[in-house]
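Shown below: final38.cif, with mmCIF, C-alpha atoms.
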data_structure
loop_
_atom_site.label_atom_id
_atom_site.label_comp_id
_atom_site.auth_asym_id
_atom_site.auth_seq_id
_atom_site.Cartn_x
_atom_site.Cartn_y
_atom_site.Cartn_z
CA MET A 13 0.58 -8.98 -3.50
CA ARG A 14 -0.54 -12.56 -3.49
CA SER A 15 -2.50 -13.67 -6.51
CA ILE A 16 -6.13 -14.67 -6.43
CA CYS A 17 -7.24 -18.22 -6.91
CA SER A 18 -7.65 -19.39 -10.47
CA GLY A 19 -11.25 -20.48 -10.10
CA SER A 20 -14.41 -18.48 -10.70
CA TYR A 21 -17.23 -17.67 -8.38
CA SER A 22 -19.96 -15.08 -8.05
CA PHE A 23 -22.19 -13.42 -5.49
CA ASN A 24 -25.67 -12.21 -6.43
CA ASP A 25 -28.01 -9.74 -4.78
CA GLN A 26 -31.67 -10.43 -4.07
CA ASP A 27 -32.63 -9.38 -7.60
CA GLY A 28 -30.24 -11.83 -9.13
CA ARG A 29 -27.73 -9.26 -10.35
CA VAL A 30 -24.06 -10.14 -10.08
CA ILE A 31 -22.40 -8.18 -7.29
CA LEU A 32 -19.04 -9.89 -7.46
CA ASP A 33 -17.84 -12.11 -10.25
CA GLN A 34 -14.24 -13.21 -9.73
CA ARG A 35 -12.26 -14.08 -12.87
CA PRO A 36 -8.62 -13.73 -13.83
CA ASN A 37 -9.15 -10.49 -15.75
CA ILE A 38 -11.33 -7.42 -15.38
CA GLU A 39 -14.91 -7.75 -14.23
CA LEU A 40 -17.13 -5.02 -12.89
CA TYR A 41 -19.06 -5.16 -9.64
CA TYR A 42 -22.69 -4.20 -9.80
CA VAL A 43 -22.15 -2.19 -6.66
CA PRO A 44 -23.00 1.49 -6.19
CA SER A 45 -20.21 4.04 -6.13
CA LEU A 46 -18.63 5.87 -3.23
CA GLY A 47 -20.52 9.03 -3.94
CA ASP A 48 -21.24 11.21 -6.91
CA ASP A 49 -24.16 13.21 -8.14
CA ASP A 50 -25.54 10.58 -10.47
CA ASP A 51 -28.69 9.38 -8.72
CA ASP A 52 -31.29 10.16 -11.36
CA ASP A 53 -31.85 6.75 -12.94
CA ASP A 54 -34.24 8.03 -15.62
CA TYR A 55 -31.78 10.73 -16.64
CA ASN A 56 -28.89 8.34 -16.86
CA ASP A 57 -30.77 5.64 -18.73
CA LYS A 58 -31.44 8.24 -21.43
CA HIS A 59 -28.13 10.07 -21.46
CA HIS A 60 -25.51 7.53 -20.41
CA VAL A 61 -23.06 6.99 -23.24
CA ILE A 62 -20.17 4.57 -22.98
CA ASP A 63 -17.22 6.48 -24.38
CA ALA A 64 -13.67 7.05 -23.23
CA ASN A 65 -14.55 10.12 -21.17
CA ASN A 66 -17.71 8.70 -19.62
CA ILE A 67 -16.67 5.10 -19.06
CA TYR A 68 -17.39 5.54 -15.33
CA LYS A 69 -20.97 6.66 -16.06
CA GLN A 70 -20.51 10.11 -14.56
CA SER A 71 -23.09 12.81 -15.02
CA PRO A 72 -21.86 15.18 -17.74
CA THR A 73 -20.01 18.25 -16.50
CA PRO A 74 -21.76 21.39 -17.77
CA THR A 75 -19.98 24.06 -19.75
CA GLU A 76 -19.16 26.73 -17.21
CA THR A 77 -19.99 30.32 -18.03
CA ASP A 78 -19.82 33.44 -15.88
CA ILE A 79 -23.61 33.51 -15.87
CA LEU A 80 -23.90 29.91 -14.67
CA ILE A 81 -21.30 30.38 -11.96
CA ASN A 82 -22.64 33.71 -10.68
CA GLU A 83 -26.27 32.65 -10.68
CA SER A 84 -25.45 29.35 -8.98
CA LEU A 85 -23.38 31.05 -6.28
CA THR A 86 -26.16 33.56 -5.68
CA ARG A 87 -28.68 30.76 -5.23
CA PHE A 88 -26.17 28.84 -3.11
CA ASN A 89 -25.73 31.74 -0.69
CA SER A 90 -29.46 32.43 -0.54
CA MET A 91 -30.22 28.82 0.28
CA LEU A 92 -27.41 28.70 2.83
CA GLU A 93 -28.97 31.65 4.65
CA THR A 94 -32.27 29.80 5.05
CA ILE A 95 -30.66 26.93 7.01
CA ASP A 96 -30.97 27.11 10.80
CA ASP A 97 -27.84 28.20 12.63
CA ASP A 98 -27.79 25.02 14.70
CA GLU A 99 -27.71 22.91 11.56
CA LYS A 100 -24.83 24.88 10.02
CA HIS A 101 -22.83 25.52 13.18
CA GLY A 102 -19.59 24.22 11.63
CA TYR A 103 -19.84 26.64 8.74
CA LEU A 104 -20.61 29.58 11.04
CA MET A 105 -17.49 28.81 13.04
CA ALA A 106 -15.46 28.56 9.84
CA LYS A 107 -16.89 31.84 8.57
CA GLU A 108 -15.64 33.50 11.73
CA LYS A 109 -12.28 31.74 12.17
CA CYS A 110 -11.15 31.14 8.58
CA PRO A 111 -13.31 33.12 6.15
CA ASP A 112 -10.71 32.68 3.42
CA LEU A 113 -11.28 28.90 3.56
CA CYS A 114 -15.03 29.03 2.97
CA GLY A 115 -15.47 31.75 0.38
CA GLU A 116 -16.91 31.71 -3.13
CA SER A 117 -14.07 29.74 -4.71
CA PHE A 118 -14.52 26.94 -2.18
CA LYS A 119 -18.30 26.93 -2.65
CA LEU A 120 -17.68 26.57 -6.39
CA ILE A 121 -15.89 23.27 -5.73
CA PHE A 122 -19.08 21.94 -4.13
CA LEU A 123 -21.15 23.13 -7.08
CA ARG A 124 -18.80 21.35 -9.47
CA CYS A 125 -18.97 18.19 -7.37
CA GLU A 126 -22.75 18.15 -7.68
CA VAL A 127 -22.72 19.32 -11.33
CA PHE A 128 -24.34 22.60 -10.28
CA ASN A 129 -27.27 21.11 -8.41
CA VAL A 130 -27.47 23.95 -5.89
CA GLU A 131 -29.58 22.19 -3.27
CA LYS A 132 -27.25 19.18 -3.13
CA SER A 133 -24.21 21.45 -3.11
CA VAL A 134 -25.45 23.41 -0.11
CA ARG A 135 -26.39 20.24 1.73
CA ARG A 136 -22.90 18.80 1.14
CA PHE A 137 -21.25 22.10 2.14
CA VAL A 138 -23.06 22.20 5.48
CA LYS A 139 -22.28 18.54 6.23
CA TYR A 140 -18.68 19.15 5.23
CA TRP A 141 -18.02 21.85 7.81
CA ASN A 142 -19.86 20.04 10.59
CA THR A 143 -17.91 16.85 9.87
CA ARG A 144 -14.58 18.63 9.42
CA LEU A 145 -15.07 19.98 12.94
CA GLU A 146 -15.74 16.46 14.25
CA VAL A 147 -12.81 14.87 12.43
CA PHE A 148 -10.15 17.47 13.21
CA GLY A 149 -11.40 19.09 16.42
CA ASP A 150 -11.74 22.77 17.35
CA GLU A 151 -8.00 23.52 17.25
CA LEU A 152 -7.22 22.11 13.80
CA ALA A 153 -10.47 22.11 11.82
CA PHE A 154 -10.14 25.70 10.66
CA LEU A 155 -6.48 25.59 9.69
CA PRO A 156 -5.43 25.08 6.05
CA MET A 157 -5.53 21.45 4.91
CA THR A 158 -1.74 21.13 4.86
CA LEU A 159 0.83 18.98 6.66
CA ASP A 160 1.78 21.87 8.93
CA GLY A 161 -1.81 23.00 9.32
CA ALA A 162 -4.79 20.73 9.97
CA MET A 163 -2.57 17.66 9.51
CA GLN A 164 0.20 18.65 11.93
CA ASN A 165 -0.61 15.74 14.27
CA ASP A 166 -0.73 13.16 11.46
CA VAL A 167 2.55 13.50 9.61
CA ASP A 168 3.73 9.96 10.38
CA HIS A 169 5.22 8.50 7.21
CA ILE A 170 3.36 5.20 7.50
CA SER A 171 -0.07 6.77 8.03
CA LEU A 172 0.43 8.97 4.95
CA GLN A 173 0.91 5.81 2.88
CA TYR A 174 -2.75 4.95 3.46
CA LEU A 175 -3.89 7.16 0.60
CA GLN A 176 -1.31 8.52 -1.84
CA LEU A 177 -1.72 10.97 -4.71
CA ALA A 178 0.03 11.25 -8.04
CA LYS A 179 0.53 14.99 -7.73
CA ASP A 180 1.84 15.74 -11.21
CA THR A 181 -0.24 13.30 -13.27
CA THR A 182 -3.92 12.84 -14.08
CA ASP A 183 -5.73 10.47 -16.39
CA PRO A 184 -6.20 11.79 -19.97
CA TYR A 185 -9.42 13.53 -18.94
CA GLY A 186 -8.09 15.41 -15.93
CA ARG A 187 -9.08 13.00 -13.16
CA ALA A 188 -6.68 12.68 -10.23
CA LEU A 189 -5.01 9.31 -9.67
CA LEU A 190 -4.76 8.00 -6.11
CA LEU A 191 -3.49 4.81 -4.53
CA PHE A 192 -5.36 3.39 -1.53
CA ASP A 193 -3.25 0.95 0.49
CA PHE A 194 -5.64 -0.79 2.88
CA ASN A 195 -2.81 -2.84 4.35
CA VAL A 196 -1.86 0.18 6.46
CA GLU A 197 -4.93 -0.68 8.53
CA GLY A 198 -2.95 -3.65 9.82
CA ASP A 199 -0.62 -1.34 11.79
CA ASP A 200 -2.27 -1.13 15.19
CA THR A 201 -0.02 1.79 16.19
CA ILE A 202 -1.99 4.04 13.83
CA SER A 203 -5.44 5.14 14.88
CA SER A 204 -8.44 5.02 12.58
CA GLU A 205 -8.98 8.71 13.31
CA SER A 206 -5.55 9.50 11.88
CA LEU A 207 -6.16 7.41 8.76
CA LEU A 208 -9.48 9.17 8.18
CA ARG A 209 -7.72 12.53 8.36
CA VAL A 210 -5.20 11.29 5.78
CA VAL A 211 -8.11 10.63 3.41
CA TRP A 212 -9.41 14.15 3.96
CA TYR A 213 -5.98 15.62 3.36
CA GLN A 214 -5.25 13.80 0.12
CA VAL A 215 -8.67 14.51 -1.32
CA HIS A 216 -8.07 18.21 -0.69
CA GLN A 217 -4.65 17.97 -2.35
CA ALA A 218 -6.27 16.40 -5.40
CA LEU A 219 -8.92 19.13 -5.54
CA ILE A 220 -6.28 21.83 -6.05
CA LYS A 221 -6.54 21.04 -9.77
CA GLU A 222 -9.63 22.52 -11.42
CA SER A 223 -9.93 19.52 -13.74
CA VAL A 224 -10.24 17.25 -10.68
CA GLN A 225 -12.98 19.44 -9.23
CA LYS A 226 -14.92 18.88 -12.45
CA GLN A 227 -14.02 15.32 -13.43
CA GLY A 228 -13.21 13.68 -10.09
CA VAL A 229 -10.70 11.06 -9.01
CA VAL A 230 -9.74 7.52 -9.97
CA VAL A 231 -8.49 5.26 -7.20
CA TYR A 232 -6.19 2.26 -7.42
CA VAL A 233 -6.81 -0.05 -4.47
CA ARG A 234 -4.14 -2.22 -2.89
CA CYS A 235 -6.26 -4.87 -1.21
CA LEU A 236 -5.75 -6.28 2.27
CA TYR A 237 -3.42 -9.23 2.74
CA SER A 238 -5.49 -10.38 5.73
CA MET A 239 -9.13 -9.74 6.45
CA ALA A 240 -8.22 -9.63 10.15
CA ASP A 241 -6.60 -6.23 9.47
CA TRP A 242 -9.77 -4.70 8.05
CA ARG A 243 -11.42 -1.89 10.02
CA PRO A 244 -15.12 -1.90 9.06
CA SER A 245 -15.96 1.22 11.08
CA LEU A 246 -13.25 3.17 9.26
CA SER A 247 -14.55 1.95 5.91
CA LYS A 248 -17.99 3.20 6.91
CA GLN A 249 -16.63 6.65 7.75
CA ILE A 250 -14.74 6.87 4.47
CA VAL A 251 -17.80 5.83 2.47
CA GLN A 252 -19.95 8.40 4.27
CA ALA A 253 -17.37 11.11 3.59
CA GLY A 254 -17.34 10.22 -0.09
CA ARG A 255 -21.08 10.01 -0.47
CA GLY A 256 -22.17 13.38 0.82
CA ILE A 257 -19.44 15.29 2.64
CA LEU A 258 -16.15 15.73 0.78
CA PRO A 259 -16.65 17.73 -2.45
CA VAL A 260 -15.17 15.11 -4.74
CA ARG A 261 -16.51 12.93 -7.52
CA PHE A 262 -15.31 9.32 -7.27
CA ALA A 263 -15.14 8.16 -10.86
CA GLY A 264 -13.98 4.60 -10.30
CA MET A 265 -12.06 2.25 -8.03
CA HIS A 266 -9.67 -0.30 -9.50
CA PHE A 267 -8.95 -3.23 -7.17
CA MET A 268 -5.52 -4.64 -7.95
CA ASN A 269 -5.00 -8.40 -7.52
CA PRO A 270 -7.92 -8.76 -5.09
CA PRO A 271 -8.05 -11.63 -2.57
CA THR A 272 -10.95 -14.04 -2.60
CA PHE A 273 -12.43 -12.65 0.63
CA LEU A 274 -13.17 -9.32 -1.07
CA SER A 275 -16.69 -10.63 -1.66
CA ILE A 276 -17.29 -10.61 2.09
CA ILE A 277 -16.15 -7.00 2.36
CA MET A 278 -18.37 -6.02 -0.56
CA ARG A 279 -21.38 -7.47 1.25
CA PHE A 280 -20.62 -5.07 4.11
CA VAL A 281 -19.91 -2.06 1.91
CA LYS A 282 -22.88 -2.36 -0.44
CA PRO A 283 -25.57 -1.19 2.03
CA LEU A 284 -23.40 1.80 2.92
CA VAL A 285 -22.79 3.22 -0.50
CA GLY A 286 -26.44 3.60 -1.54
CA LYS A 287 -27.99 3.04 -4.95
CA GLU A 288 -26.37 5.92 -6.84
CA LEU A 289 -24.03 5.38 -9.71
CA ARG A 290 -23.50 1.72 -10.32
CA TYR A 291 -20.65 0.14 -12.28
CA ARG A 292 -17.77 1.77 -10.40
CA PHE A 293 -15.74 -1.09 -8.87
CA TYR A 294 -13.35 -3.02 -11.12
CA THR A 295 -10.78 -5.77 -10.56
CA HIS A 296 -7.48 -6.32 -12.35
CA SER A 297 -5.11 -9.24 -11.93
CA GLY A 298 -2.39 -11.16 -13.68
CA SER A 299 0.86 -9.98 -15.24
CA VAL A 300 1.70 -6.33 -15.77
CA ASP A 301 0.78 -6.67 -19.44
CA ASN A 302 -2.58 -8.24 -18.54
CA VAL A 303 -3.31 -5.48 -16.05
CA LEU A 304 -2.42 -2.78 -18.57
CA GLU A 305 -4.65 -4.45 -21.15
CA THR A 306 -7.68 -4.37 -18.86
CA LEU A 307 -6.90 -0.82 -17.70
CA ASP A 308 -6.74 0.37 -21.29
CA LYS A 309 -10.55 0.42 -21.39
CA PHE A 310 -10.30 3.33 -18.95
CA SER A 311 -7.48 5.07 -20.85
CA LEU A 312 -5.05 3.91 -18.15
CA GLY A 313 -3.25 1.30 -20.21
CA SER A 314 0.28 2.71 -20.04
CA ARG A 315 3.07 2.20 -17.52
CA GLU A 316 3.16 5.96 -16.95
CA LEU A 317 -0.33 5.73 -15.44
CA LEU A 318 0.24 2.50 -13.45
CA PRO A 319 1.59 2.84 -9.88
CA VAL A 320 5.17 1.72 -9.29
CA SER A 321 3.98 -0.94 -6.83
CA TYR A 322 2.28 -2.75 -9.74
CA GLY A 323 5.16 -2.55 -12.19
CA GLY A 324 4.39 0.87 -13.61
CA LEU A 325 6.13 4.23 -13.53
CA LEU A 326 3.53 6.32 -11.68
CA GLU A 327 4.88 7.84 -8.45
CA CYS A 328 2.30 8.40 -5.71
CA VAL A 329 3.11 10.21 -2.46
#
Would you write out, as structure tokens, the structure that this file holds?
Amino acid sequence: MRSICSGSYSFNDQDGRVILDQRPNIELYYVPSLGDDDDDDDYNDKHHVIDANNIYKQSPTPTETDILINESLTRFNSMLETIDDDEKHGYLMAKEKCPDLCGESFKLIFLRCEVFNVEKSVRRFVKYWNTRLEVFGDELAFLPMTLDGAMQNDVDHISLQYLQLAKDTTDPYGRALLLFDFNVEGDDTISSESLLRVVWYQVHQALIKESVQKQGVVVYVRCLYSMADWRPSLSKQIVQAGRGILPVRFAGMHFMNPPTFLSIIMRFVKPLVGKELRYRFYTHSGSVDNVLETLDKFSLGSRELLPVSYGGLLECV
């Protein structure tokens, strides 16, 4: 990765808040997140506590009891029944073709994603199945989310590098660790549709762990070498999937050695991600020791939790 320039600069929104402030070490972007349940500003102003577990300003995960789960699933199913068939056509097809893939355990993942807000969970569930049908097509959408199932047409080694998962390691609080390599977008032999399916696949692999369903994912971002390689329409689809379709909580995104033109990309992304959950984009640059020092604020300050491509020991596949 090429290093960023040594100077400082900033970009402010219309209210004067800093959206991007480029300095040699960590700075946060006052940019909304890629989707979580935390859109109640009054609630979060009162209850947001900066501690090691809540550094990403996530809504607290409730203590799960049999009563909470059973009552929530009952309300979920009742609300799902009230939705018009045309609006939930993807789910109805899934219920017929792969009932084992849309049962109570899968619905529970959506409830956990939305911290048991049943209405939001049902809305996300319906959008999920409709979008899964669009992204994968009739023949693959209702197969298991595996390399020989829904992903059987997208097993190219290079495309799978787009989003990689540390399968055997989480952060100290159970969040999955992923590595997004946006430079794969520069390979014009790989379609944007295939790269989008890779995102779907890896998110599902991360969600196998119950702790990830509850706490979410943390993403390391390998920034583009050239802005000419960027695919804005693909970025839009990924953001939309994260905001209200895939049942995953995006805790934070750590941009590693970002180029100076990232500010331009942020100006495009900001309107897409909405106003929910600010303080989720971070930058890290400098030596391995400097990067580890700035990551330590997020309990990621060890080589075991830093991807190999940045001088760490974390294997992502």
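In terms of minimum interatomic distance to Ile67 of chain A, A:Ala263 ranks closest within A:Val320, A:Ala263, A:Met239, A:Leu207, counting all atoms listed in the file.
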Find the residues near Thr182 of chain A: any atom within 12 Å, counting all atoms listed in the file, skip ones fewer than 5 places away on the same chain, and give them as a PyMOL selection string.
chain A and resi 177+187-190+218-219+221-224+227-231+311-312+316-318+326-328
Once the PyMOL selection byres ((chain A and resi 102-111) around 6) has been evaluated on this model, what residues remain selected, and can you format them as a count of residues only?
8
Could you list, as JSON, numbers by chain, every residue matched by the PyMOL selection byres ((chain A and resi 211) around 9) in this structure?
{"A": [172, 174, 175, 176, 206, 207, 208, 209, 210, 212, 213, 214, 215, 216, 250]}
Work out how far apart atom CA of Arg124 of chain A and atom CA of Asp193 of chain A are and give it in Å to one decimal.
27.5 Å
What does the PyMOL selection byres ((chain A and resi 265-267) around 10) select in this file, as a PyMOL selection string?
chain A and resi 38+40+45-46+68+190-192+229-235+262-264+268-271+274+291-297+307
